[in-house]
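Have a look at target.cif below; it lists mmCIF, C-alpha atoms.
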data_model
loop_
_atom_site.label_atom_id
_atom_site.label_comp_id
_atom_site.auth_asym_id
_atom_site.auth_seq_id
_atom_site.Cartn_x
_atom_site.Cartn_y
_atom_site.Cartn_z
CA MET A 1 0.26 -78.88 -28.64
CA PRO A 2 2.78 -77.39 -31.10
CA GLN A 3 6.34 -76.85 -29.87
CA PRO A 4 7.54 -73.20 -29.63
CA SER A 5 9.86 -73.63 -32.69
CA GLU A 6 6.93 -74.96 -34.75
CA ARG A 7 4.78 -72.02 -33.74
CA VAL A 8 7.55 -69.62 -34.87
CA LYS A 9 7.73 -71.63 -38.10
CA ASN A 10 4.02 -71.12 -38.76
CA TYR A 11 4.33 -67.37 -38.31
CA GLY A 12 7.67 -67.28 -40.19
CA ASP A 13 6.34 -65.29 -43.11
CA ILE A 14 4.82 -62.51 -41.00
CA VAL A 15 7.92 -62.37 -38.77
CA ALA A 16 10.26 -62.19 -41.79
CA GLN A 17 8.16 -59.51 -43.46
CA LEU A 18 7.95 -57.40 -40.29
CA GLY A 19 11.68 -58.01 -39.71
CA ALA A 20 12.39 -56.73 -43.23
CA LEU A 21 10.23 -53.67 -42.51
CA CYS A 22 12.37 -53.10 -39.37
CA LEU A 23 15.49 -53.17 -41.58
CA PHE A 24 13.90 -50.80 -44.09
CA LEU A 25 12.82 -48.32 -41.39
CA SER A 26 16.27 -48.61 -39.80
CA THR A 27 17.85 -47.47 -43.08
CA ILE A 28 15.51 -44.47 -43.10
CA GLU A 29 16.33 -43.73 -39.45
CA TYR A 30 20.06 -44.01 -40.20
CA LEU A 31 19.78 -41.14 -42.66
CA ILE A 32 18.45 -38.71 -40.06
CA PRO A 33 21.17 -36.79 -38.20
CA LYS A 34 21.19 -37.27 -34.41
CA PRO A 35 22.84 -35.24 -31.63
CA LEU A 36 23.94 -38.44 -29.78
CA PRO A 37 25.18 -41.62 -31.52
CA PHE A 38 22.86 -43.97 -29.62
CA MET A 39 19.81 -41.71 -29.86
CA ARG A 40 17.08 -43.07 -32.16
CA LEU A 41 13.64 -41.94 -33.22
CA GLY A 42 12.39 -45.49 -32.90
CA LEU A 43 10.88 -45.83 -36.38
CA ALA A 44 11.92 -49.50 -36.41
CA ASN A 45 9.64 -50.05 -33.41
CA LEU A 46 6.62 -49.81 -35.70
CA PRO A 47 6.83 -53.47 -36.84
CA ILE A 48 7.36 -54.51 -33.20
CA MET A 49 4.14 -52.70 -32.24
CA LEU A 50 2.31 -54.32 -35.16
CA GLY A 51 3.63 -57.71 -34.05
CA ILE A 52 2.09 -57.43 -30.55
CA ASP A 53 -1.44 -58.25 -31.73
CA LEU A 54 -0.40 -60.45 -34.66
CA LEU A 55 2.15 -62.84 -33.20
CA PRO A 56 2.35 -65.41 -30.43
CA PHE A 57 5.10 -64.90 -27.82
CA PRO A 58 7.87 -67.08 -29.44
CA ALA A 59 7.34 -65.47 -32.85
CA TYR A 60 7.32 -62.02 -31.21
CA CYS A 61 10.68 -62.84 -29.54
CA ALA A 62 12.08 -63.90 -32.94
CA LEU A 63 10.95 -60.56 -34.41
CA VAL A 64 12.62 -58.64 -31.56
CA ALA A 65 15.86 -60.60 -32.15
CA LEU A 66 15.67 -59.87 -35.90
CA LYS A 67 15.15 -56.18 -35.17
CA ILE A 68 18.18 -56.01 -32.87
CA VAL A 69 20.50 -57.86 -35.30
CA GLY A 70 19.15 -56.20 -38.44
CA GLN A 71 19.07 -52.66 -37.09
CA ASN A 72 22.67 -52.89 -35.89
CA LEU A 73 23.80 -54.49 -39.14
CA ILE A 74 22.28 -51.59 -41.06
CA SER A 75 23.71 -48.88 -38.81
CA GLY A 76 27.06 -50.65 -38.59
CA SER A 77 27.00 -50.79 -34.80
CA LEU A 78 26.81 -54.60 -34.43
CA PHE A 79 30.37 -54.80 -33.12
CA SER A 80 30.32 -51.64 -30.98
CA TYR A 81 29.10 -50.58 -27.53
CA ILE A 82 26.07 -48.99 -29.23
CA PHE A 83 24.86 -52.55 -29.78
CA LEU A 84 24.45 -52.88 -25.99
CA PHE A 85 22.33 -49.72 -25.94
CA SER A 86 20.22 -51.13 -28.72
CA VAL A 87 19.76 -54.47 -26.96
CA ALA A 88 18.79 -52.77 -23.68
CA GLY A 89 16.43 -50.30 -25.34
CA THR A 90 14.74 -52.78 -27.65
CA LEU A 91 14.30 -55.57 -25.09
CA THR A 92 12.89 -53.32 -22.36
CA SER A 93 10.53 -51.46 -24.69
CA ALA A 94 9.39 -54.57 -26.59
CA PHE A 95 8.48 -56.43 -23.43
CA ALA A 96 7.00 -53.40 -21.65
CA MET A 97 4.71 -52.80 -24.65
CA LEU A 98 3.77 -56.49 -24.86
CA VAL A 99 2.96 -56.79 -21.14
CA LEU A 100 0.95 -53.57 -21.17
CA ARG A 101 -1.07 -54.40 -24.29
CA ARG A 102 -1.74 -58.03 -23.41
CA GLY A 103 -2.13 -57.35 -19.69
CA LEU A 104 -4.65 -54.53 -19.99
CA GLY A 105 -6.12 -55.47 -23.36
CA SER A 106 -6.35 -53.49 -26.61
CA GLU A 107 -9.61 -51.83 -25.51
CA ARG A 108 -7.94 -50.29 -22.42
CA VAL A 109 -4.59 -49.23 -23.82
CA SER A 110 -4.09 -47.75 -27.30
CA PHE A 111 -1.06 -47.84 -29.59
CA VAL A 112 -0.33 -44.26 -28.49
CA GLY A 113 -0.21 -45.50 -24.89
CA ILE A 114 2.10 -48.42 -25.55
CA GLY A 115 4.22 -46.33 -27.94
CA THR A 116 4.77 -43.70 -25.24
CA VAL A 117 5.57 -46.27 -22.56
CA GLY A 118 7.85 -48.18 -24.95
CA ALA A 119 9.80 -45.04 -25.86
CA LEU A 120 10.10 -43.93 -22.22
CA VAL A 121 11.26 -47.35 -21.02
CA SER A 122 13.70 -47.67 -23.92
CA ASN A 123 15.18 -44.22 -23.35
CA ALA A 124 15.38 -44.76 -19.57
CA ALA A 125 17.30 -48.01 -20.17
CA GLN A 126 19.65 -46.24 -22.57
CA VAL A 127 20.26 -43.35 -20.15
CA ALA A 128 21.07 -45.94 -17.46
CA MET A 129 23.51 -47.62 -19.88
CA ALA A 130 25.04 -44.22 -20.77
CA ARG A 131 25.47 -43.54 -17.03
CA VAL A 132 27.30 -46.84 -16.54
CA PHE A 133 29.41 -46.95 -19.72
CA ILE A 134 30.01 -43.41 -21.05
CA PHE A 135 28.95 -40.29 -19.18
CA GLY A 136 28.81 -41.29 -15.50
CA SER A 137 26.66 -38.97 -13.40
CA ALA A 138 26.69 -36.42 -16.26
CA ALA A 139 24.12 -38.67 -17.91
CA ASP A 140 21.58 -37.11 -15.54
CA LEU A 141 21.93 -33.89 -17.56
CA ILE A 142 20.92 -35.52 -20.84
CA ALA A 143 18.13 -37.55 -19.23
CA PRO A 144 15.37 -34.84 -19.19
CA PRO A 145 15.66 -33.78 -22.87
CA PHE A 146 16.25 -37.38 -23.92
CA LEU A 147 13.14 -38.61 -22.09
CA ALA A 148 11.10 -35.63 -23.33
CA ALA A 149 12.18 -36.37 -26.91
CA GLY A 150 11.28 -40.03 -26.34
CA THR A 151 7.80 -39.08 -25.16
CA ILE A 152 7.19 -36.99 -28.27
CA THR A 153 8.52 -39.64 -30.69
CA GLY A 154 6.63 -42.37 -28.77
CA ILE A 155 3.33 -40.51 -29.09
CA ALA A 156 4.01 -39.80 -32.79
CA LEU A 157 4.91 -43.42 -33.52
CA GLY A 158 1.92 -44.70 -31.55
CA TRP A 159 -0.38 -42.37 -33.47
CA PHE A 160 1.15 -43.53 -36.77
CA CYS A 161 0.76 -47.18 -35.73
CA ALA A 162 -2.90 -46.62 -34.82
CA ALA A 163 -3.51 -44.91 -38.18
CA PHE A 164 -1.70 -47.73 -39.99
CA THR A 165 -3.66 -50.51 -38.29
CA ALA A 166 -6.92 -48.68 -39.01
CA LYS A 167 -6.16 -48.33 -42.73
CA SER A 168 -3.89 -51.27 -43.60
CA VAL A 169 -5.40 -54.13 -45.60
CA TRP A 170 -2.27 -56.24 -44.97
CA TYR A 171 -2.69 -55.86 -41.20
CA LYS A 172 -6.41 -56.66 -41.20
CA GLU A 173 -5.89 -59.80 -43.30
CA ARG A 174 -3.36 -61.11 -40.79
CA LEU A 175 -5.32 -60.13 -37.70
CA ARG A 176 -8.12 -62.55 -38.56
CA MET B 1 25.12 -60.41 -72.31
CA THR B 2 21.83 -59.19 -70.81
CA ALA B 3 21.25 -58.65 -67.05
CA ALA B 4 19.02 -61.75 -66.91
CA GLU B 5 21.74 -63.88 -68.53
CA ARG B 6 24.35 -62.51 -66.13
CA LYS B 7 22.04 -63.25 -63.19
CA SER B 8 21.48 -66.79 -64.41
CA SER B 9 25.26 -67.31 -64.78
CA ALA B 10 25.80 -65.97 -61.24
CA LEU B 11 23.21 -68.42 -59.87
CA LYS B 12 25.16 -71.28 -61.47
CA LEU B 13 28.48 -69.94 -60.23
CA PHE B 14 27.70 -68.93 -56.64
CA GLY B 15 25.74 -70.72 -53.92
CA GLY B 16 23.36 -68.63 -51.80
CA VAL B 17 25.14 -69.39 -48.52
CA GLU B 18 28.64 -68.75 -49.93
CA LEU B 19 27.48 -65.45 -51.38
CA PHE B 20 25.81 -64.45 -48.10
CA LEU B 21 28.96 -65.33 -46.12
CA THR B 22 31.00 -63.27 -48.59
CA GLY B 23 28.71 -60.32 -47.83
CA LEU B 24 29.10 -60.85 -44.08
CA LEU B 25 32.90 -61.03 -44.42
CA MET B 26 33.03 -57.83 -46.49
CA LEU B 27 30.58 -55.93 -44.27
CA PRO B 28 32.98 -55.05 -41.39
CA ALA B 29 35.76 -54.11 -43.86
CA PHE B 30 33.35 -51.62 -45.43
CA LEU B 31 31.66 -50.30 -42.29
CA PHE B 32 34.85 -49.79 -40.29
CA ASN B 33 36.90 -48.30 -43.12
CA PRO B 34 37.91 -44.93 -41.65
CA SER B 35 38.82 -43.37 -45.00
CA LEU B 36 36.11 -41.97 -47.25
CA PRO B 37 38.08 -42.33 -50.54
CA PHE B 38 38.78 -46.02 -49.83
CA ARG B 39 35.20 -46.60 -48.75
CA LEU B 40 34.18 -45.14 -52.11
CA ALA B 41 36.57 -47.60 -53.77
CA GLN B 42 34.83 -50.43 -51.89
CA LEU B 43 31.46 -49.09 -53.03
CA SER B 44 32.75 -49.19 -56.62
CA LEU B 45 33.80 -52.80 -56.08
CA PHE B 46 30.26 -53.65 -54.86
CA ILE B 47 28.73 -51.88 -57.87
CA ILE B 48 30.99 -53.74 -60.34
CA PHE B 49 30.20 -57.08 -58.67
CA SER B 50 26.50 -56.26 -58.56
CA VAL B 51 26.31 -55.31 -62.24
CA THR B 52 28.37 -58.31 -63.41
CA THR B 53 26.05 -60.66 -61.49
CA GLY B 54 23.01 -59.19 -63.22
CA ARG B 55 21.60 -56.99 -60.44
CA LYS B 56 19.93 -53.81 -61.60
CA ILE B 57 21.24 -50.61 -60.06
CA ARG B 58 19.14 -47.51 -60.64
CA PHE B 59 21.71 -44.77 -60.47
CA LEU B 60 19.38 -41.73 -60.61
CA PRO B 61 17.24 -42.68 -57.55
CA SER B 62 20.42 -43.69 -55.69
CA LEU B 63 22.00 -40.31 -56.44
CA SER B 64 18.86 -38.42 -55.37
CA ILE B 65 18.74 -40.39 -52.08
CA GLY B 66 22.44 -39.66 -51.57
CA ALA B 67 21.86 -35.96 -52.21
CA SER B 68 18.98 -35.85 -49.72
CA ILE B 69 21.12 -37.56 -47.04
CA VAL B 70 23.86 -34.95 -47.55
CA PHE B 71 21.29 -32.13 -47.49
CA PHE B 72 19.70 -33.25 -44.21
CA ASN B 73 23.10 -33.63 -42.58
CA LEU B 74 24.05 -30.12 -43.69
CA LEU B 75 21.12 -28.79 -41.63
CA VAL B 76 23.10 -29.57 -38.44
CA PRO B 77 26.24 -27.35 -38.65
CA TYR B 78 29.42 -29.01 -37.42
CA GLY B 79 33.10 -28.24 -38.04
CA ARG B 80 34.80 -25.59 -40.18
CA VAL B 81 32.49 -23.20 -42.04
CA LEU B 82 32.99 -23.56 -45.82
CA PHE B 83 30.36 -21.12 -47.11
CA ILE B 84 27.54 -18.97 -45.77
CA ILE B 85 24.51 -18.99 -48.09
CA VAL B 86 21.72 -16.60 -47.03
CA GLY B 87 22.64 -17.01 -43.36
CA TRP B 88 22.93 -20.80 -43.64
CA ARG B 89 26.37 -22.08 -42.60
CA LEU B 90 27.59 -24.91 -44.83
CA THR B 91 30.12 -26.76 -42.68
CA GLU B 92 32.89 -29.20 -43.59
CA GLY B 93 32.11 -31.73 -40.82
CA ALA B 94 28.43 -31.93 -41.71
CA LEU B 95 29.24 -32.23 -45.43
CA LEU B 96 31.74 -35.06 -44.87
CA THR B 97 29.40 -36.85 -42.42
CA GLY B 98 26.58 -36.59 -44.96
CA ILE B 99 28.72 -37.95 -47.81
CA GLU B 100 30.01 -40.74 -45.55
CA LYS B 101 26.46 -41.71 -44.56
CA ALA B 102 25.26 -41.59 -48.17
CA VAL B 103 28.15 -43.80 -49.32
CA THR B 104 27.60 -46.19 -46.40
CA ILE B 105 23.87 -46.61 -46.92
CA GLN B 106 24.21 -47.08 -50.69
CA GLY B 107 27.06 -49.53 -50.12
CA LEU B 108 24.98 -51.53 -47.62
CA ILE B 109 22.00 -51.68 -49.96
CA ILE B 110 24.11 -52.70 -52.97
CA LEU B 111 26.07 -55.24 -50.92
CA SER B 112 22.85 -56.68 -49.50
CA ARG B 113 21.28 -56.98 -52.95
CA ALA B 114 24.43 -58.46 -54.47
CA THR B 115 24.99 -61.09 -51.79
CA VAL B 116 21.45 -62.20 -51.03
CA GLN B 117 20.02 -64.36 -53.79
CA SER B 118 16.88 -66.41 -54.12
CA ASP B 119 18.49 -69.77 -53.23
CA LEU B 120 19.81 -68.57 -49.85
CA ARG B 121 19.43 -71.26 -47.17
CA LEU B 122 21.04 -70.47 -43.81
CA PRO B 123 21.35 -73.21 -41.17
CA PHE B 124 19.06 -73.43 -38.12
CA ALA B 125 15.60 -71.93 -37.74
CA PHE B 126 16.86 -68.42 -36.94
CA GLY B 127 19.29 -68.54 -39.88
CA ARG B 128 16.47 -69.41 -42.26
CA LEU B 129 14.35 -66.65 -40.76
CA LEU B 130 17.22 -64.14 -41.18
CA GLY B 131 17.75 -65.25 -44.79
CA LYS B 132 14.06 -64.85 -45.50
CA THR B 133 14.07 -61.41 -43.83
CA PHE B 134 16.93 -60.23 -46.07
CA LEU B 135 15.08 -61.44 -49.16
CA TYR B 136 11.96 -59.52 -48.06
CA PHE B 137 14.17 -56.50 -47.33
CA GLU B 138 15.48 -56.65 -50.89
CA LYS B 139 11.93 -56.74 -52.26
CA ILE B 140 10.78 -53.86 -50.02
CA THR B 141 13.82 -51.76 -50.97
CA GLU B 142 13.12 -52.36 -54.68
CA ARG B 143 9.63 -50.88 -54.18
CA ARG B 144 10.59 -47.96 -51.90
CA SER B 145 9.59 -45.40 -54.55
CA GLN B 146 5.93 -46.41 -53.93
CA ILE B 147 6.06 -44.62 -50.56
CA ARG B 148 5.02 -41.05 -51.26
CA ARG B 149 4.93 -38.20 -48.75
CA ASP B 150 1.18 -37.68 -49.21
CA ASP B 151 0.35 -41.37 -48.59
CA ILE B 152 3.02 -43.02 -46.45
CA ILE B 153 0.64 -45.55 -44.86
CA GLY B 154 -0.88 -46.54 -48.21
CA GLY B 155 2.60 -46.95 -49.70
CA ILE B 156 3.86 -49.20 -46.90
CA ASP B 157 0.62 -51.21 -47.02
CA ARG B 158 0.87 -51.71 -50.80
CA ILE B 159 4.48 -52.86 -50.48
CA LEU B 160 3.59 -55.32 -47.69
CA LEU B 161 0.68 -56.71 -49.73
CA GLU B 162 2.74 -57.01 -52.91
CA THR B 163 5.66 -58.70 -51.19
CA ALA B 164 3.57 -60.98 -48.94
CA ALA B 165 4.41 -64.65 -49.46
CA SER B 166 6.69 -63.69 -52.38
CA VAL B 167 9.70 -65.24 -50.65
CA ASP B 168 9.63 -69.00 -50.70
CA ILE B 169 12.07 -70.44 -48.20
CA PRO B 170 10.95 -73.62 -46.46
CA MET B 171 11.07 -72.98 -42.70
CA GLY B 172 11.04 -76.68 -41.90
CA THR B 173 13.58 -79.35 -42.79
CA ASN B 174 11.19 -81.61 -44.68
CA ASP B 175 9.85 -79.06 -47.12
CA ARG B 176 12.20 -80.06 -49.98
CA LYS B 177 10.21 -81.24 -52.96
CA ALA B 178 10.52 -84.86 -54.00
CA GLY B 179 13.26 -85.40 -56.56
CA GLN B 180 14.93 -82.09 -55.73
CA PRO B 181 18.65 -82.63 -54.95
CA ALA B 182 19.93 -81.87 -51.45
CA GLU B 183 21.61 -78.48 -50.88
CA SER B 184 25.03 -80.11 -50.42
CA THR B 185 24.75 -81.79 -53.85
CA ILE B 186 23.95 -78.45 -55.50
CA THR B 187 26.89 -76.81 -53.71
CA ARG B 188 29.31 -79.53 -54.83
CA GLN B 189 28.20 -79.10 -58.44
CA ARG B 190 29.13 -75.46 -58.38
CA SER B 191 32.40 -74.51 -59.98
CA VAL B 192 35.51 -73.82 -57.95
CA VAL B 193 35.79 -70.64 -60.04
CA GLY B 194 32.91 -69.20 -58.00
CA TRP B 195 34.80 -69.78 -54.75
CA ILE B 196 37.92 -68.15 -56.17
CA ILE B 197 35.99 -65.08 -57.34
CA LEU B 198 34.34 -64.67 -53.93
CA PHE B 199 37.69 -65.13 -52.15
CA VAL B 200 39.34 -62.49 -54.34
CA LEU B 201 36.41 -60.16 -53.67
CA VAL B 202 36.73 -60.51 -49.88
CA VAL B 203 40.52 -60.07 -50.03
CA ALA B 204 40.17 -56.97 -52.24
CA CYS B 205 37.66 -55.48 -49.80
CA TRP B 206 39.96 -56.05 -46.81
CA VAL B 207 43.00 -54.74 -48.73
CA LEU B 208 41.03 -51.52 -49.35
CA PHE B 209 40.21 -51.45 -45.62
CA GLY B 210 43.96 -51.81 -44.84
CA PHE B 211 44.86 -48.98 -47.23
CA GLY B 212 42.06 -46.86 -45.78
CA THR B 213 43.32 -47.39 -42.23
CA LEU B 214 46.89 -46.58 -43.30
CA TYR B 215 45.76 -43.48 -45.19
CA ASP B 216 43.74 -42.33 -42.18
CA MET B 217 46.69 -42.83 -39.83
CA LEU B 218 49.06 -40.95 -42.15
CA THR B 219 46.69 -38.02 -42.71
CA HIS B 220 46.00 -37.68 -38.98
CA SER B 221 49.68 -37.89 -37.99
CA VAL B 222 50.67 -35.09 -40.40
#
Exercise: express the given structure as structure tokens:
Amino acid sequence: MPQPSERVKNYGDIVAQLGALCLFLSTIEYLIPKPLPFMRLGLANLPIMLGIDLLPFPAYCALVALKIVGQNLISGSLFSYIFLFSVAGTLTSAFAMLVLRRGLGSERVSFVGIGTVGALVSNAAQVAMARVFIFGSAADLIAPPFLAAGTITGIALGWFCAAFTAKSVWYKERLR
Amino acid sequence: MTAAERKSSALKLFGGVELFLTGLLMLPAFLFNPSLPFRLAQLSLFIIFSVTTGRKIRFLPSLSIGASIVFFNLLVPYGRVLFIIVGWRLTEGALLTGIEKAVTIQGLIILSRATVQSDLRLPFAFGRLLGKTFLYFEKITERRSQIRRDDIIGGIDRILLETAASVDIPMGTNDRKAGQPAESTITRQRSVVGWIILFVLVVACWVLFGFGTLYDMLTHSV
């Protein structure tokens, strides 16, 4: 049975390509003005969602790590408290989406479903972090609009991911 | 000297890892520079280094991306009102934030392209994966114009297909071809001039950061 590091090695090309797509989408996301510094649309979650059905668990973890490091390198928040928000949001959403998709199966839960759950979990984790580190109980005030915005962006990203997987030749070639 | 010749000279002069480390060392000095004029000076430094090492910089697309970043930031009014154009408030804070973001993103792209070259080999499995990711990122960024508003999915798909398997970094330790010298031998053969140039580059970047910090302190204390 191959060791975990060997399995990551075999999927290295897909992980690196999806990681690069995370970086590219992060640069696009960086350009969009946001009302709160840690608030994100979650565009860079698209490669993570694509990775759920393409990658084994160790390779998926490597992709999540690449996304966290790369996204914060691009936005310049690698050495700031925002990095903690990013770690909390990405880890919780990545693993919630993975558990949901693999637990229930792709025929029971769509990309829209996992996108919505991922965004909600990520935003809830970030509101909790904001409550602890920045705003205190005032974070409760930003929670409703923040979670509502997350639901909308999660549905939009999930819909885009579903459309992408339906049309993409690259994705179909790697799903085999 | 053509761009290809300059690129070939740079490959002989600088090792992939040294160049990547130079980029990593310059990155915080650029990102945390609080002064826009000095950040612009750092951007100029990156452009000069990029051009002299044979990297192509397409100024027109870069300027149009910069202009669109500034425009989108101007949509969220913030700070002193500079002008009112048909009911639209053009504010100083939004304008400066937009320019700062445009300079930052262009600087990051140019720095990434200048300091990631094809012979990059980072240590450990994750290092190699990160190196490979940056090389793919460079290739994706080069083809970004293929993504059009009317066919975003098709554009991303084409880029992924075109760049697939275009980056050849061995993920294992035994993938070196027979007869190919070890990385350490290649590094030793490289001229000390390369190290000096990279050192001067890092120092120059941090000196600009120091001036930027000083300038920011002085302008805020007045």
If you count all atoms listed in the file, which residues fall within 9 Å of A:Gln17, apart from same-chain ones fewer than 4 positions away, as number ranges by chain?
A: 12-13, 21-22; B: 132-133, 136-137, 160, 163-165
With a cut-off of 9 Å and counting only C-alpha atoms, select all residues of chain B in contact with chain A and give the selection as a PDB file with C-alpha atoms, in the frame of the given file.
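Contents of the output file part.pdb:
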ATOM      1  CA  LEU B  27      30.580 -55.930 -44.270  1.00  0.00           C
ATOM      2  CA  PRO B  28      32.980 -55.050 -41.390  1.00  0.00           C
ATOM      3  CA  LEU B  31      31.660 -50.300 -42.290  1.00  0.00           C
ATOM      4  CA  PHE B  32      34.850 -49.790 -40.290  1.00  0.00           C
ATOM      5  CA  SER B  68      18.980 -35.850 -49.720  1.00  0.00           C
ATOM      6  CA  ILE B  69      21.120 -37.560 -47.040  1.00  0.00           C
ATOM      7  CA  VAL B  70      23.860 -34.950 -47.550  1.00  0.00           C
ATOM      8  CA  PHE B  72      19.700 -33.250 -44.210  1.00  0.00           C
ATOM      9  CA  ASN B  73      23.100 -33.630 -42.580  1.00  0.00           C
ATOM     10  CA  LEU B  75      21.120 -28.790 -41.630  1.00  0.00           C
ATOM     11  CA  VAL B  76      23.100 -29.570 -38.440  1.00  0.00           C
ATOM     12  CA  GLY B  98      26.580 -36.590 -44.960  1.00  0.00           C
ATOM     13  CA  LYS B 101      26.460 -41.710 -44.560  1.00  0.00           C
ATOM     14  CA  ALA B 102      25.260 -41.590 -48.170  1.00  0.00           C
ATOM     15  CA  THR B 104      27.600 -46.190 -46.400  1.00  0.00           C
ATOM     16  CA  ILE B 105      23.870 -46.610 -46.920  1.00  0.00           C
ATOM     17  CA  LEU B 108      24.980 -51.530 -47.620  1.00  0.00           C
ATOM     18  CA  ILE B 109      22.000 -51.680 -49.960  1.00  0.00           C
ATOM     19  CA  ALA B 125      15.600 -71.930 -37.740  1.00  0.00           C
ATOM     20  CA  PHE B 126      16.860 -68.420 -36.940  1.00  0.00           C
ATOM     21  CA  LEU B 129      14.350 -66.650 -40.760  1.00  0.00           C
ATOM     22  CA  LEU B 130      17.220 -64.140 -41.180  1.00  0.00           C
ATOM     23  CA  GLY B 131      17.750 -65.250 -44.790  1.00  0.00           C
ATOM     24  CA  LYS B 132      14.060 -64.850 -45.500  1.00  0.00           C
ATOM     25  CA  THR B 133      14.070 -61.410 -43.830  1.00  0.00           C
ATOM     26  CA  PHE B 134      16.930 -60.230 -46.070  1.00  0.00           C
ATOM     27  CA  LEU B 135      15.080 -61.440 -49.160  1.00  0.00           C
ATOM     28  CA  TYR B 136      11.960 -59.520 -48.060  1.00  0.00           C
ATOM     29  CA  PHE B 137      14.170 -56.500 -47.330  1.00  0.00           C
ATOM     30  CA  GLU B 138      15.480 -56.650 -50.890  1.00  0.00           C
ATOM     31  CA  ILE B 140      10.780 -53.860 -50.020  1.00  0.00           C
ATOM     32  CA  THR B 141      13.820 -51.760 -50.970  1.00  0.00           C
ATOM     33  CA  ARG B 144      10.590 -47.960 -51.900  1.00  0.00           C
ATOM     34  CA  ILE B 153       0.640 -45.550 -44.860  1.00  0.00           C
ATOM     35  CA  GLY B 154      -0.880 -46.540 -48.210  1.00  0.00           C
ATOM     36  CA  ILE B 156       3.860 -49.200 -46.900  1.00  0.00           C
ATOM     37  CA  ASP B 157       0.620 -51.210 -47.020  1.00  0.00           C
ATOM     38  CA  ARG B 158       0.870 -51.710 -50.800  1.00  0.00           C
ATOM     39  CA  LEU B 160       3.590 -55.320 -47.690  1.00  0.00           C
ATOM     40  CA  LEU B 161       0.680 -56.710 -49.730  1.00  0.00           C
ATOM     41  CA  THR B 163       5.660 -58.700 -51.190  1.00  0.00           C
ATOM     42  CA  ALA B 164       3.570 -60.980 -48.940  1.00  0.00           C
ATOM     43  CA  ALA B 165       4.410 -64.650 -49.460  1.00  0.00           C
ATOM     44  CA  VAL B 167       9.700 -65.240 -50.650  1.00  0.00           C
ATOM     45  CA  MET B 171      11.070 -72.980 -42.700  1.00  0.00           C
ATOM     46  CA  GLY B 172      11.040 -76.680 -41.900  1.00  0.00           C
TER      47      GLY B 172
END
What residues have an atom no more than 9 Å from (39.8, -42.7, -45.1) in the file's own frame, counting all atoms listed in the file, and can you write them as a list in words?
Asn33, Pro34, Ser35, Leu36, Pro37, Phe38, Arg39, Phe209, Phe211, Gly212, Thr213, Leu214, Tyr215, Asp216, Met217 and Thr219 of chain B
For the structure shown, which residues end up in the PyMOL selection byres ((chain A and resi 96-105) around 8)? Put them as a list in words, please?
Met49, Ile52, Thr92, Ser93, Ala94, Phe95, Ser106, Glu107, Arg108, Val109, Ser110, Ile114, Gly115, Val117, Gly118 and Val121 of chain A
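Straight-line separation from atom CA of A:Ala139 to atom CA of A:Val127: 6.5 Å.
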